[in-house]
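*Asks:* Compact mmCIF, C-alpha atoms, saved as upload20.txt, coming up:
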# COMPACT_ATOMS: atom_id res chain seq x y z
CA MET G 1158 72.66 56.93 261.83
CA THR G 1159 75.28 59.64 261.25
CA ALA G 1160 74.49 61.24 264.61
CA LYS G 1161 74.74 57.86 266.30
CA LEU G 1162 78.11 57.13 264.71
CA ILE G 1163 79.43 60.52 265.84
CA ARG G 1164 78.23 59.92 269.41
CA ASN G 1165 79.70 56.40 269.36
CA ALA G 1166 83.03 57.83 268.19
CA TYR G 1167 83.02 60.30 271.08
CA GLU G 1168 82.31 57.59 273.66
CA ALA G 1169 84.97 55.32 272.13
CA ALA G 1170 87.47 58.20 272.29
CA LEU G 1171 86.74 58.72 275.99
CA THR G 1172 87.21 55.02 276.72
CA MET G 1173 90.44 54.70 274.75
CA THR G 1174 91.84 57.87 276.37
CA ALA G 1175 91.34 56.26 279.78
CA VAL G 1176 92.84 53.01 278.48
CA LEU G 1177 95.94 54.73 277.11
CA LEU G 1178 96.47 56.73 280.32
CA CYS G 1179 96.24 53.60 282.47
CA TRP G 1180 98.49 51.73 280.04
CA ALA G 1181 101.09 54.51 280.16
CA VAL G 1182 101.21 54.48 283.97
CA ALA G 1183 101.37 50.67 283.99
CA LEU G 1184 104.25 50.89 281.51
CA ALA G 1185 106.12 53.21 283.89
CA LEU G 1186 105.43 50.83 286.80
CA GLU G 1187 106.62 47.87 284.75
CA ASP G 1188 109.92 49.60 284.08
CA ALA G 1189 110.39 50.94 287.63
CA ALA G 1190 109.42 47.79 289.52
CA GLY G 1191 110.69 45.20 287.04
CA LEU G 1192 107.23 43.75 286.40
CA HIS G 1193 106.22 41.48 283.56
CA THR G 1194 104.42 42.78 280.47
CA ASP G 1195 101.18 41.14 281.56
CA VAL G 1196 100.62 44.09 283.91
CA LEU G 1197 100.05 46.18 280.77
CA VAL G 1198 97.48 43.72 279.47
CA LEU G 1199 95.68 43.78 282.81
CA ALA G 1200 95.59 47.59 282.77
CA VAL G 1201 94.06 47.65 279.30
CA ALA G 1202 91.56 44.86 280.02
CA LEU G 1203 90.27 46.32 283.30
CA THR G 1204 89.99 49.89 282.01
CA LEU G 1205 88.29 48.77 278.81
CA THR G 1206 85.67 46.66 280.59
CA LEU G 1207 85.12 49.11 283.45
CA ALA G 1208 84.41 52.17 281.31
CA ALA G 1209 80.92 51.15 280.18
CA SER G 1210 79.66 50.25 283.66
CA GLN G 1211 80.93 53.53 285.17
CA ARG G 1212 79.67 55.89 282.45
CA THR G 1213 76.51 56.82 284.36
CA ALA G 1214 77.58 55.74 287.86
CA ASP G 1215 76.86 57.96 290.85
CA VAL G 1216 79.31 58.62 293.71
CA ARG G 1217 78.10 55.63 295.71
CA ARG G 1218 78.58 53.22 292.84
CA ARG G 1219 82.03 54.63 292.10
CA LEU G 1220 83.14 54.23 295.70
CA THR G 1221 81.85 50.68 295.57
CA ALA G 1222 83.89 50.07 292.43
CA LEU G 1223 86.99 51.53 294.08
CA VAL G 1224 86.69 48.90 296.82
CA VAL G 1225 85.41 45.89 294.90
CA LEU G 1226 87.51 46.08 291.73
CA PRO G 1227 91.01 46.25 293.32
CA VAL G 1228 90.15 43.49 295.80
CA THR G 1229 88.72 41.24 293.11
CA ALA G 1230 91.65 41.99 290.80
CA GLY G 1231 94.07 40.93 293.52
CA VAL G 1232 92.12 37.76 294.23
CA SER G 1233 91.99 36.93 290.51
CA VAL G 1234 95.80 36.60 290.52
CA PHE G 1235 95.58 33.78 293.03
CA LEU G 1236 92.75 32.24 291.03
CA GLY G 1237 94.85 32.35 287.87
CA ARG G 1238 97.70 30.56 289.61
CA LEU G 1239 95.25 28.05 291.09
CA ILE G 1240 93.98 27.24 287.60
CA ALA G 1241 97.56 26.84 286.38
CA SER G 1242 98.54 24.45 289.20
CA HIS G 1243 95.23 22.71 289.98
CA TYR G 1244 93.09 23.13 286.91
CA ALA G 1245 89.93 21.37 288.10
CA ILE G 1246 89.83 23.20 291.45
CA GLY G 1247 90.56 26.57 289.85
CA ALA G 1248 87.91 25.99 287.19
CA ALA G 1249 85.35 25.16 289.89
CA VAL G 1250 86.17 28.34 291.84
CA PHE G 1251 85.98 30.46 288.67
CA THR G 1252 82.63 28.92 287.71
CA ALA G 1253 81.24 29.51 291.19
CA GLY G 1254 82.37 33.16 291.15
CA ILE G 1255 80.82 33.92 287.76
CA SER G 1256 77.56 32.20 288.70
CA LEU G 1257 77.38 33.93 292.09
CA ALA G 1258 77.62 37.33 290.39
CA ILE G 1259 74.46 36.44 288.45
CA TRP G 1260 72.57 34.74 291.28
CA ILE G 1261 72.82 37.77 293.60
CA ARG G 1262 70.69 39.83 291.19
CA ARG G 1263 67.69 38.64 293.19
CA TYR G 1264 68.71 41.11 295.90
CA GLY G 1265 68.10 44.20 293.80
CA THR G 1266 69.85 46.81 291.70
CA ALA G 1267 72.78 47.41 294.07
CA ALA G 1268 73.57 43.69 294.17
CA THR G 1269 73.31 43.47 290.39
CA LYS G 1270 75.81 46.27 289.92
CA ALA G 1271 78.18 44.77 292.50
CA GLY G 1272 77.97 41.47 290.62
CA THR G 1273 78.97 43.28 287.43
CA LEU G 1274 82.09 44.61 289.14
CA LEU G 1275 82.95 41.14 290.44
CA THR G 1276 82.97 39.71 286.93
CA LEU G 1277 85.37 42.29 285.41
CA PRO G 1278 88.65 40.84 286.81
CA LEU G 1279 87.42 37.33 286.05
CA VAL G 1280 86.85 38.28 282.42
CA ALA G 1281 90.25 40.02 282.41
CA LEU G 1282 91.76 36.77 283.69
CA LEU G 1283 90.59 35.12 280.46
CA VAL G 1284 92.08 37.93 278.37
CA VAL G 1285 95.44 38.22 280.17
CA PRO G 1286 97.27 35.34 278.52
CA GLY G 1287 98.99 33.82 281.60
CA PRO G 1288 98.76 30.07 280.81
CA ALA G 1289 98.82 30.81 277.08
CA LEU G 1290 102.21 32.55 277.25
CA PRO G 1291 105.37 30.77 276.15
CA ARG G 1292 106.96 28.87 279.06
CA GLU G 1293 109.86 31.29 279.38
CA ALA G 1294 107.44 34.21 279.79
CA GLN G 1295 105.34 32.68 282.59
CA SER G 1296 107.74 33.46 285.43
CA GLY G 1297 107.31 36.67 287.39
CA LEU G 1298 103.68 37.26 286.50
CA VAL G 1299 102.03 40.25 288.15
CA THR G 1300 101.41 39.87 291.90
CA TRP G 1301 98.19 40.50 293.81
CA PHE G 1302 99.42 43.87 295.06
CA TRP G 1303 100.17 45.23 291.60
CA SER G 1304 96.90 43.81 290.28
CA ALA G 1305 94.96 45.61 293.01
CA LEU G 1306 96.85 48.83 292.26
CA ILE G 1307 96.06 48.52 288.56
CA GLY G 1308 92.39 48.04 289.48
CA ALA G 1309 92.44 51.28 291.49
CA LEU G 1310 94.24 53.12 288.67
CA ALA G 1311 91.67 51.88 286.16
CA CYS G 1312 88.89 53.35 288.32
CA GLY G 1313 90.70 56.66 288.66
CA PHE G 1314 91.45 57.14 284.97
CA VAL G 1315 87.95 56.12 283.87
CA TRP G 1316 86.39 58.64 286.26
CA LEU G 1317 88.88 61.36 285.32
CA VAL G 1318 88.34 61.08 281.59
CA GLN G 1319 84.57 60.67 281.80
CA GLY G 1320 84.30 63.60 284.24
CA VAL G 1321 86.34 65.88 281.98
CA GLY G 1322 84.29 64.74 279.00
CA ASP G 1323 81.02 65.53 280.78
CA ARG G 1324 82.27 68.95 281.83
CA PHE G 1325 83.90 70.15 278.62
CA GLY G 1326 82.73 67.75 275.91
CA PRO G 1327 79.74 68.10 273.57
CA TRP G 1328 77.72 65.34 275.28
CA ARG G 1329 77.02 64.27 278.81
CA ALA G 1330 76.31 60.77 280.03
CA GLN G 1331 72.67 59.78 279.61
CA PRO G 1332 71.65 57.43 282.42
CA ALA G 1333 68.88 55.02 281.55
CA PRO G 1334 65.85 55.20 283.82
CA GLU G 1335 65.94 52.47 286.44
CA GLN G 1336 62.90 50.27 286.77
CA ALA G 1337 61.90 48.56 289.97
CA PRO G 1338 62.29 44.79 289.61
CA ARG G 1339 59.10 42.81 289.40
CA ARG G 1340 58.80 39.63 291.39
CA SER G 1341 58.73 36.70 289.01
CA ARG G 1342 56.40 33.76 289.33
CA LEU G 1343 58.96 31.46 287.79
CA HIS G 1344 60.42 28.77 290.02
CA PRO G 1345 63.37 28.74 290.23
CA ARG G 1346 63.69 32.51 289.78
CA PRO G 1347 65.14 33.87 286.52
CA SER G 1348 68.37 34.89 288.28
CA THR G 1349 68.78 31.35 289.60
CA ARG G 1350 68.08 29.87 286.17
CA MET G 1351 70.60 32.18 284.51
CA ALA G 1352 73.21 31.37 287.18
CA LEU G 1353 72.72 27.64 286.65
CA GLN G 1354 72.89 28.05 282.88
CA MET G 1355 76.11 30.03 283.20
CA ALA G 1356 77.58 27.47 285.60
CA ALA G 1357 76.77 24.60 283.25
CA GLY G 1358 78.16 26.39 280.19
CA ILE G 1359 81.34 27.59 281.91
CA ALA G 1360 82.06 24.28 283.65
CA THR G 1361 81.66 22.36 280.39
CA ALA G 1362 83.77 24.97 278.58
CA PHE G 1363 86.60 24.46 281.08
CA ALA G 1364 86.41 20.68 280.64
CA LEU G 1365 86.23 20.64 276.84
CA GLY G 1366 88.61 23.58 276.49
CA HIS G 1367 91.36 21.79 278.35
CA LEU G 1368 90.62 18.48 276.66
CA LEU G 1369 90.48 19.81 273.10
CA PHE G 1370 92.67 22.92 273.17
CA ASP G 1371 95.13 22.38 276.05
CA ASP G 1372 96.55 25.76 277.19
CA HIS G 1373 94.19 27.65 274.87
CA TRP G 1374 91.11 26.82 276.95
CA PRO G 1375 90.42 30.55 277.69
CA TRP G 1376 89.03 31.01 274.17
CA VAL G 1377 86.27 28.48 274.84
CA VAL G 1378 85.47 29.79 278.33
CA LEU G 1379 85.44 33.45 277.27
CA THR G 1380 82.97 32.77 274.45
CA ALA G 1381 80.74 30.68 276.70
CA TYR G 1382 80.60 33.60 279.14
CA VAL G 1383 80.09 36.35 276.55
CA ALA G 1384 77.28 34.60 274.69
CA ALA G 1385 75.36 33.86 277.91
CA SER G 1386 75.94 37.14 279.76
CA GLY G 1387 73.01 39.55 279.84
CA ASN G 1388 70.77 36.63 278.89
CA ARG G 1389 67.47 37.93 277.43
CA GLY G 1390 66.25 34.46 276.57
CA ARG G 1391 67.13 31.62 274.24
CA THR G 1392 66.96 33.63 271.02
CA ASP G 1393 69.24 36.31 272.47
CA VAL G 1394 71.92 33.77 273.41
CA LEU G 1395 71.70 32.18 269.98
CA ARG G 1396 72.05 35.60 268.32
CA LYS G 1397 75.07 36.61 270.40
CA GLY G 1398 76.74 33.24 269.84
CA ALA G 1399 76.29 33.62 266.09
CA GLU G 1400 77.51 37.25 266.15
CA ARG G 1401 80.61 36.33 268.13
CA LEU G 1402 81.42 33.50 265.73
CA ALA G 1403 80.88 35.74 262.68
CA GLY G 1404 82.97 38.50 264.20
CA ALA G 1405 85.74 36.10 265.15
CA THR G 1406 85.83 34.80 261.59
CA LEU G 1407 86.26 38.34 260.26
CA GLY G 1408 88.87 39.05 262.94
CA THR G 1409 90.72 35.90 261.93
CA LEU G 1410 90.94 37.12 258.35
CA LEU G 1411 92.12 40.56 259.49
CA ALA G 1412 94.76 39.05 261.76
CA ALA G 1413 95.97 36.81 258.95
CA GLY G 1414 96.43 39.87 256.76
CA VAL G 1415 98.35 41.67 259.52
CA ALA G 1416 100.59 38.66 260.06
CA ALA G 1417 101.27 38.43 256.34
CA ALA G 1418 102.33 42.10 256.38
CA GLY G 1419 105.00 41.24 258.94
CA LEU G 1420 104.14 43.91 261.54
CA SER G 1421 105.77 43.37 264.95
CA GLY G 1422 107.02 45.18 268.05
CA HIS G 1423 105.77 48.72 268.69
CA ALA G 1424 103.96 48.83 265.35
CA SER G 1425 101.81 45.85 266.31
CA VAL G 1426 100.98 47.47 269.69
CA ALA G 1427 99.90 50.71 267.97
CA LEU G 1428 97.79 48.74 265.51
CA MET G 1429 96.21 46.80 268.39
CA PHE G 1430 95.00 50.03 270.02
CA ALA G 1431 93.74 51.31 266.67
CA VAL G 1432 91.77 48.11 266.11
CA LEU G 1433 90.26 48.29 269.61
CA THR G 1434 89.23 51.91 269.02
CA VAL G 1435 87.39 51.08 265.80
CA ALA G 1436 85.78 48.03 267.43
CA LEU G 1437 84.55 50.17 270.34
CA TRP G 1438 83.17 52.71 267.90
CA LEU G 1439 81.13 50.14 265.99
CA ARG G 1440 80.20 47.90 268.93
CA PRO G 1441 76.81 49.59 269.65
CA LEU G 1442 75.75 48.83 266.07
CA ASN G 1443 76.41 45.10 266.29
CA TYR G 1444 78.38 42.91 268.67
CA ALA G 1445 80.05 41.17 265.72
CA TYR G 1446 82.21 44.27 265.16
CA TRP G 1447 83.54 44.04 268.71
CA ALA G 1448 84.18 40.31 268.37
CA ALA G 1449 86.11 40.91 265.15
CA GLY G 1450 88.23 43.67 266.68
CA LEU G 1451 88.91 41.71 269.86
CA THR G 1452 89.95 38.60 267.94
CA CYS G 1453 92.34 40.62 265.80
CA ALA G 1454 93.73 42.52 268.83
CA LEU G 1455 94.32 39.34 270.82
CA SER G 1456 96.11 37.82 267.85
CA LEU G 1457 98.43 40.86 267.74
CA LEU G 1458 98.94 40.52 271.49
CA LEU G 1459 99.92 36.86 271.27
CA GLY G 1460 102.27 37.71 268.42
CA TYR G 1461 103.86 40.38 270.61
CA PHE G 1462 104.44 37.75 273.30
CA GLY G 1463 106.22 35.51 270.81
CA GLN G 1464 103.51 33.06 269.78
CA ASP G 1465 102.86 32.12 266.19
CA ALA G 1466 99.50 33.83 266.24
CA GLN G 1467 98.78 33.20 262.56
CA ASN G 1468 98.93 29.43 262.93
CA LEU G 1469 96.82 29.62 266.10
CA LEU G 1470 93.97 31.51 264.46
CA PRO G 1471 92.11 28.40 263.19
CA THR G 1472 92.40 26.90 266.69
CA ARG G 1473 91.01 30.11 268.19
CA LEU G 1474 88.07 29.98 265.78
CA GLU G 1475 87.36 26.38 266.72
CA GLY G 1476 87.46 27.27 270.42
CA ILE G 1477 85.05 30.17 269.89
CA ALA G 1478 82.65 27.89 268.00
CA VAL G 1479 82.70 25.32 270.81
CA GLY G 1480 82.08 28.00 273.45
CA ALA G 1481 79.17 29.45 271.49
CA VAL G 1482 77.54 26.03 271.10
CA LEU G 1483 77.89 25.33 274.82
CA SER G 1484 76.26 28.60 275.90
CA VAL G 1485 73.40 28.15 273.43
CA ALA G 1486 72.83 24.56 274.57
CA SER G 1487 72.68 25.52 278.26
CA ALA G 1488 70.30 28.45 277.58
CA TRP G 1489 67.96 26.38 275.44
CA TRP G 1490 67.77 23.13 277.42
CA LEU G 1491 68.62 23.92 281.04
CA LEU G 1492 65.75 25.81 282.73
CA PRO G 1493 65.18 28.20 279.79
CA VAL G 1494 64.03 31.72 280.70
CA PRO G 1495 61.16 33.30 278.70
CA ARG G 1496 62.24 36.53 277.03
CA ARG G 1497 59.99 38.83 279.07
CA ARG G 1498 61.14 37.24 282.34
CA ALA G 1499 64.77 37.51 281.34
CA ALA G 1500 64.42 41.22 280.60
CA ALA G 1501 62.93 41.83 284.04
CA ALA G 1502 65.64 39.78 285.75
CA ARG G 1503 68.42 41.79 284.16
CA LEU G 1504 67.27 44.91 286.04
CA ALA G 1505 69.09 48.08 285.06
CA VAL G 1506 72.64 46.83 284.51
CA ARG G 1507 74.01 44.66 281.78
CA PRO G 1508 77.12 42.65 282.71
CA SER G 1509 80.36 43.40 280.95
CA GLU G 1510 81.06 41.41 277.81
CA GLY G 1511 84.56 40.47 276.78
Would you mind giving the structure from this file in structure tokens?
*Replies:*
Amino acid sequence: MTAKLIRNAYEAALTMTAVLLCWAVALALEDAAGLHTDVLVLAVALTLTLAASQRTADVRRRLTALVVLPVTAGVSVFLGRLIASHYAIGAAVFTAGISLAIWIRRYGTAATKAGTLLTLPLVALLVVPGPALPREAQSGLVTWFWSALIGALACGFVWLVQGVGDRFGPWRAQPAPEQAPRRSRLHPRPSTRMALQMAAGIATAFALGHLLFDDHWPWVVLTAYVAASGNRGRTDVLRKGAERLAGATLGTLLAAGVAAAGLSGHASVALMFAVLTVALWLRPLNYAYWAAGLTCALSLLLGYFGQDAQNLLPTRLEGIAVGAVLSVASAWWLLPVPRRRAAAARLAVRPSEG
């Protein structure tokens, strides 16, 4: 366990180094080009979610990421504005995009990994608090060009830090052996079942999120995605839903303590990065640690943007609970996938979790 914790700390340090470098460059761009602060959030979200999928990537996969991620990041800006202006249409497009990234797994390992890259900006769209910002902060949000540039920068800094770490650090990346996919006898195929489950959970999350939580719908949708992603079967979805809810509860308590301490401004930003670092370190042990850290960090972020994050914490917890229930319900009652079939369908790559 001690050796594992040390290795986890090293990997978390590599990831956060890339995150801080990308954040620093985005900060300089924000000042030079007069951008909004959400460009910083996008830089952190993309770098954080990209790091895991690129840790053992070869040159071909990295070149693919350099093309796919900036393009998808740029498109996600238009999708975010579509959701803000035409909620139902935007929700339908988002749901279709997330489900497509899962459905294309039937075409092999390369398609699976491309689908993983497609989901990263969509997950970042749920983290970047566009519609959740105060009204006066919603003007001048980051454009498609700057989003695409941030996507390219995220790729560059992740590769730079991981390459330096492999060359001079104590450990190198350890790629997992890839297994050839076995053709399933299930009809529909496991990838189709998982895509339909995700579509049902996400679509319902959009509907109930907007109905019950108004502008805070991303909390419901993000949880519905996280609990169902990398679906290994019904028990796995139930476990991840419970872990996310438990972690969010702990994160809520942590955020309440931070709010009571009165931290704000640069101190809250520094604490946010510290919380993310610890959450990354402990994430391989149990997903609940990551959920706790992410909940606390997002609370600090909303406080930085001027929201009363402390009063919103119970609402966030309710949204997470609703999202978890929706993903569990779709996995259990809509074309459930047996555990052994789900493991084969996932191939070699696990989608990013927010």
*Asks:* Neighbours of stretch 1167-1174 of chain G within 9 Å (all atoms listed in the file; same-chain residues fewer than 4 positions away dropped), as a list in words?
*Replies:*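 Final neighbour list, sorted by chain and number: Leu1162, Ile1163, Leu1178, Cys1179, Thr1204, Leu1205, Ala1208, Ala1209, Phe1314, Val1315, Val1318, Gln1319, Gly1322, Gly1326, Pro1327, Trp1328, Phe1430, Leu1433, Thr1434, Val1435, Ala1436, Leu1437, Trp1438 and Leu1439 of chain G.
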*Asks:* So how far away is atom CA of G:Ala1309 from atom CA of G:Arg1324, in Å?
*Replies:*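 Straight-line distance from atom CA of G:Arg1324 to atom CA of G:Ala1309 works out to 22.6 Å.
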*Asks:* Which residues of stretch 1334-1386 of chain G come within 8 Å of stretch 1466-1486 of chain G, and what is each one's closest atom pair and distance in Å (one decimal), counting only C-alpha atoms, sorted by chain and residue number, as a Markdown table?
*Replies:*
| residue | atom | partner | partner_atom | distance |
| --- | --- | --- | --- | --- |
| G:Gln1354 | CA | G:Ser1484 | CA | 7.8 |
| G:Met1355 | CA | G:Ser1484 | CA | 7.4 |
| G:Gly1358 | CA | G:Ser1484 | CA | 5.2 |
| G:Ile1359 | CA | G:Ser1484 | CA | 7.9 |
| G:Thr1361 | CA | G:Leu1483 | CA | 7.4 |
| G:Ala1362 | CA | G:Gly1480 | CA | 6.2 |
| G:Gly1366 | CA | G:Gly1476 | CA | 7.2 |
| G:Phe1370 | CA | G:Gly1476 | CA | 7.3 |
| G:His1373 | CA | G:Arg1473 | CA | 7.8 |
| G:Trp1374 | CA | G:Gly1476 | CA | 7.5 |
| G:Trp1376 | CA | G:Gly1476 | CA | 5.5 |
| G:Val1377 | CA | G:Gly1480 | CA | 4.4 |
| G:Val1378 | CA | G:Gly1480 | CA | 6.2 |
| G:Leu1379 | CA | G:Gly1480 | CA | 7.5 |
| G:Thr1380 | CA | G:Gly1480 | CA | 5.0 |
| G:Ala1381 | CA | G:Gly1480 | CA | 4.4 |
| G:Tyr1382 | CA | G:Ser1484 | CA | 7.4 |
| G:Ala1384 | CA | G:Ser1484 | CA | 6.2 |
| G:Ala1385 | CA | G:Ser1484 | CA | 5.7 |
*Asks:* For G:Val1415, which residue among G:Leu1197, G:Ala1360, G:Cys1453, G:Ala1330 is the nearest when counting all atoms listed in the file?
*Replies:* G:Cys1453
*Asks:* Between G:Gly1460, G:Cys1312, G:Pro1345, G:Leu1410, which residue has the minimum interatomic distance to G:Val1426, considering all atoms listed in the file?
*Replies:*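 Ranking G:Gly1460, G:Cys1312, G:Pro1345, G:Leu1410 by distance to G:Val1426, first place goes to G:Gly1460.
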*Asks:* Go through G:Thr1213, G:Thr1229, G:Thr1276, G:Ser1348 one by one, measure the shortest atom-to-atom distance of each to G:Arg1262 using only C-alpha atoms, and give the residue with the smallest value.
*Replies:* G:Ser1348
*Asks:* Go through G:Gly1237, G:Val1224, G:Arg1346, G:Leu1353 and flag the residue nearest G:Gly1308, using all atoms listed in the file for the distances.
*Replies:*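 When distances to G:Gly1308 are compared using all atoms listed in the file, the smallest one comes from G:Val1224.
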*Asks:* Within 7 Å of G:Leu1226, counting only C-alpha atoms, which residues qualify if same-chain residues fewer than 4 places away don't, as a list in words?
*Replies:*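 Listed by chain and then number, they are Ala1222, Ala1230, Leu1274, Leu1275 and Gly1308 of chain G.
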*Asks:* Taking all atoms listed in the file into account, name the residue in G:Ala1488, G:Ile1307, G:Asp1393, G:Ile1261 that is nearest to G:Trp1180.
*Replies:* G:Ile1307
*Asks:* Residues at most 12 Å from G:Trp1447, counting only C-alpha atoms, excluding those fewer than 4 positions away in the same chain, as a ChimeraX atom specification?
*Replies:* /G:1169,1383,1397,1400-1408,1432-1443,1451-1455,1510-1511
*Asks:* Any chance you can output those residues with C-alpha atoms as an mmCIF file, in the coordinates of the input?
*Replies:*
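So selection_19.cif came out as:
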data_model
loop_
_atom_site.group_PDB
_atom_site.id
_atom_site.type_symbol
_atom_site.label_atom_id
_atom_site.label_comp_id
_atom_site.auth_asym_id
_atom_site.auth_seq_id
_atom_site.Cartn_x
_atom_site.Cartn_y
_atom_site.Cartn_z
ATOM 1 C CA ALA G 1169 84.970 55.320 272.130
ATOM 2 C CA VAL G 1383 80.090 36.350 276.550
ATOM 3 C CA LYS G 1397 75.070 36.610 270.400
ATOM 4 C CA GLU G 1400 77.510 37.250 266.150
ATOM 5 C CA ARG G 1401 80.610 36.330 268.130
ATOM 6 C CA LEU G 1402 81.420 33.500 265.730
ATOM 7 C CA ALA G 1403 80.880 35.740 262.680
ATOM 8 C CA GLY G 1404 82.970 38.500 264.200
ATOM 9 C CA ALA G 1405 85.740 36.100 265.150
ATOM 10 C CA THR G 1406 85.830 34.800 261.590
ATOM 11 C CA LEU G 1407 86.260 38.340 260.260
ATOM 12 C CA GLY G 1408 88.870 39.050 262.940
ATOM 13 C CA VAL G 1432 91.770 48.110 266.110
ATOM 14 C CA LEU G 1433 90.260 48.290 269.610
ATOM 15 C CA THR G 1434 89.230 51.910 269.020
ATOM 16 C CA VAL G 1435 87.390 51.080 265.800
ATOM 17 C CA ALA G 1436 85.780 48.030 267.430
ATOM 18 C CA LEU G 1437 84.550 50.170 270.340
ATOM 19 C CA TRP G 1438 83.170 52.710 267.900
ATOM 20 C CA LEU G 1439 81.130 50.140 265.990
ATOM 21 C CA ARG G 1440 80.200 47.900 268.930
ATOM 22 C CA PRO G 1441 76.810 49.590 269.650
ATOM 23 C CA LEU G 1442 75.750 48.830 266.070
ATOM 24 C CA ASN G 1443 76.410 45.100 266.290
ATOM 25 C CA LEU G 1451 88.910 41.710 269.860
ATOM 26 C CA THR G 1452 89.950 38.600 267.940
ATOM 27 C CA CYS G 1453 92.340 40.620 265.800
ATOM 28 C CA ALA G 1454 93.730 42.520 268.830
ATOM 29 C CA LEU G 1455 94.320 39.340 270.820
ATOM 30 C CA GLU G 1510 81.060 41.410 277.810
ATOM 31 C CA GLY G 1511 84.560 40.470 276.780
#
*Asks:* So how many Å separate atom CA of G:Leu1317 and atom CA of G:His1193, to one decimal?
*Replies:* 26.4 Å
*Asks:* By how many Å are atom CA of G:Leu1184 and atom CA of G:Gly1320 apart?
*Replies:*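 One can read the atom CA of G:Leu1184 to atom CA of G:Gly1320 distance as 23.8 Å.
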*Asks:* Which is closest to G:Gly1390 among G:Ala1427, G:Ala1445, G:Leu1492, G:Ala1214, if we use all atoms listed in the file?
*Replies:* G:Leu1492
